[in-house]
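Working notes, structure below.
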Amino acid sequence: MADIKKAKNLTATDSAKVEIKPETKSVTSAPAPAVKAAEAPAAKKPAAKKTGHKPATAKKTAATKNAPAKRAAVTAKSVADKKATATAKKTAVAKKTAVKKTATKKVVAKKEAPKAATRKRKAEAVDKTDVVKTALWKAINKAKVKKIKGEIAIQVFADGLDSFYVAVKDGHPEIERYYYNNNNGQLVTTEAELLKIAKGKYDILSAVKSEKANFDGNLSSLLKIIEMF
């Protein structure tokens, strides 16, 4: 009986050992699921990469789309800057040129000032003669001149004036600043008396008697010339 009990006990012990072994195996084999559980998150990494790549691609796409607009803006700005620079340069050159021209004109004006004064003095003398000549020319009565036949010329002398002649050739009057060869006489008077003749109805005989005018030549030719005005 004792042996049977021992046998039973041994059997129970052995059975207990046999039962423990599976538990030990289950304990030792427990890490395997843990490894699998740890590997599961690693499988999600590609998904994280996909979500990470999408914004970068979107940014690149947006940058690529906006590149022409940015280039166009940069080009437009550079063109505008170049135009502004060119305009500023032109304005500066124009100002410098204007200043140089003004300075040159002033220098030339200073150099020519004495010459201009000399010319003015000569011009004043010439103008006085021209004033008298113009006054006489405007006062000529063409109807009376046409009645004069042949050729008549009177040389005129006056203080401060160049000598000139008054002539009629076949009904055509002439007043020129030259000496007329073979003239019909020479009238010596003043600028004031010549202007009076230009006004018309001048009494040449009274002027000669009062010595306001002197005449040397054919008196009838002088009277015909005076009647022209």
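Chain labels run A, B, ... following the order of the structure tokens; each chain numbers its residues from 1, and ligands are numbered from 1 in the order shown.
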
Report task. Considering only C-alpha atoms, return as a PyMOL selection string whatever protein or nucleic-acid residues lie within 12 Å of Tyr179 of chain A, sequence-local ones (same chain, fewer than 3 positions apart) excluded. Result -> chain A and resi 153-157+162-167+175-176+182-183+185-186

Could you write out that same residue set with N, CA and C atoms as an mmCIF file, in the first residue's frame?
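Generated file (again_3.cif):
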data_model
loop_
_atom_site.group_PDB
_atom_site.id
_atom_site.type_symbol
_atom_site.label_atom_id
_atom_site.label_comp_id
_atom_site.auth_asym_id
_atom_site.auth_seq_id
_atom_site.Cartn_x
_atom_site.Cartn_y
_atom_site.Cartn_z
ATOM 1 N N ALA A 153 19.281 163.428 -112.095
ATOM 2 C CA ALA A 153 19.865 162.898 -110.848
ATOM 3 C C ALA A 153 20.465 164.031 -110.039
ATOM 4 N N ILE A 154 20.152 164.053 -108.755
ATOM 5 C CA ILE A 154 20.695 165.048 -107.823
ATOM 6 C C ILE A 154 21.465 164.293 -106.727
ATOM 7 N N GLN A 155 22.712 164.676 -106.501
ATOM 8 C CA GLN A 155 23.519 164.081 -105.428
ATOM 9 C C GLN A 155 23.259 164.846 -104.132
ATOM 10 N N VAL A 156 22.988 164.121 -103.055
ATOM 11 C CA VAL A 156 22.620 164.733 -101.772
ATOM 12 C C VAL A 156 23.743 164.514 -100.756
ATOM 13 N N PHE A 157 24.076 165.611 -100.026
ATOM 14 C CA PHE A 157 25.062 165.553 -98.946
ATOM 15 C C PHE A 157 24.432 166.151 -97.687
ATOM 16 N N ASP A 162 25.551 159.290 -94.945
ATOM 17 C CA ASP A 162 26.287 158.921 -96.148
ATOM 18 C C ASP A 162 25.632 159.607 -97.335
ATOM 19 N N SER A 163 26.452 159.965 -98.314
ATOM 20 C CA SER A 163 25.918 160.613 -99.512
ATOM 21 C C SER A 163 25.084 159.621 -100.321
ATOM 22 N N PHE A 164 24.000 160.091 -100.896
ATOM 23 C CA PHE A 164 23.139 159.255 -101.746
ATOM 24 C C PHE A 164 22.582 160.136 -102.860
ATOM 25 N N TYR A 165 22.051 159.493 -103.854
ATOM 26 C CA TYR A 165 21.484 160.266 -104.954
ATOM 27 C C TYR A 165 20.004 159.957 -105.106
ATOM 28 N N VAL A 166 19.269 160.959 -105.640
ATOM 29 C CA VAL A 166 17.856 160.808 -105.976
ATOM 30 C C VAL A 166 17.759 161.057 -107.476
ATOM 31 N N ALA A 167 17.208 160.051 -108.206
ATOM 32 C CA ALA A 167 17.188 160.165 -109.668
ATOM 33 C C ALA A 167 15.866 159.665 -110.219
ATOM 34 N N ILE A 175 16.689 155.837 -105.463
ATOM 35 C CA ILE A 175 17.393 156.452 -104.336
ATOM 36 C C ILE A 175 18.425 155.442 -103.856
ATOM 37 N N GLU A 176 19.678 155.730 -104.093
ATOM 38 C CA GLU A 176 20.735 154.779 -103.765
ATOM 39 C C GLU A 176 21.892 155.479 -103.050
ATOM 40 N N ASN A 182 27.991 162.294 -113.486
ATOM 41 C CA ASN A 182 27.251 163.151 -114.437
ATOM 42 C C ASN A 182 25.874 163.527 -113.890
ATOM 43 N N ASN A 183 25.841 163.811 -112.588
ATOM 44 C CA ASN A 183 24.573 164.253 -111.993
ATOM 45 C C ASN A 183 24.253 165.685 -112.448
ATOM 46 N N GLY A 185 23.277 168.103 -110.412
ATOM 47 C CA GLY A 185 23.570 169.092 -109.377
ATOM 48 C C GLY A 185 23.770 168.415 -108.022
ATOM 49 N N GLN A 186 24.271 169.197 -107.059
ATOM 50 C CA GLN A 186 24.560 168.672 -105.729
ATOM 51 C C GLN A 186 23.847 169.517 -104.676
#

Query raised in the report: Could you pull the residues within 9 Å of Gly150 of chain A, counting only C-alpha atoms, minus those fewer than 2 positions along the same chain, as a PyMOL selection string?
Result: chain A and resi 148+152+168-171

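Interatomic distance, atom CA of Ala143 of chain A to atom CA of Pro173 of chain A: 11.0 Å.
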
**Report entry** Distance criterion (only C-alpha atoms): nearest to Glu193 of chain A out of A:Asn141, A:Asn214, A:Thr85, A:Asn181
**Finding:** A:Asn214

Query - Interatomic distance (Å, one decimal) between atom CA of Ile204 of chain A and atom CA of Lys138 of chain A - result: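 That distance, rounded to one decimal, is 19.3 Å.
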
**Report entry** Nearby residues (only C-alpha atoms) at most 12 Å from Thr129 of chain A, same-chain spacing under 3 positions excluded, as a ChimeraX atom specification
**Finding:** /A:122-126,132-136,156-165,175-178,190-192,194-195

Requested in this report: Measuring atom to atom with only C-alpha atoms, identify which of A:Lys149, A:Ile226, A:His172, A:Arg71 is nearest to Leu187 of chain A.
Outcome: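 Looking at the shortest contact to Leu187 of chain A, the residue is A:Ile226.
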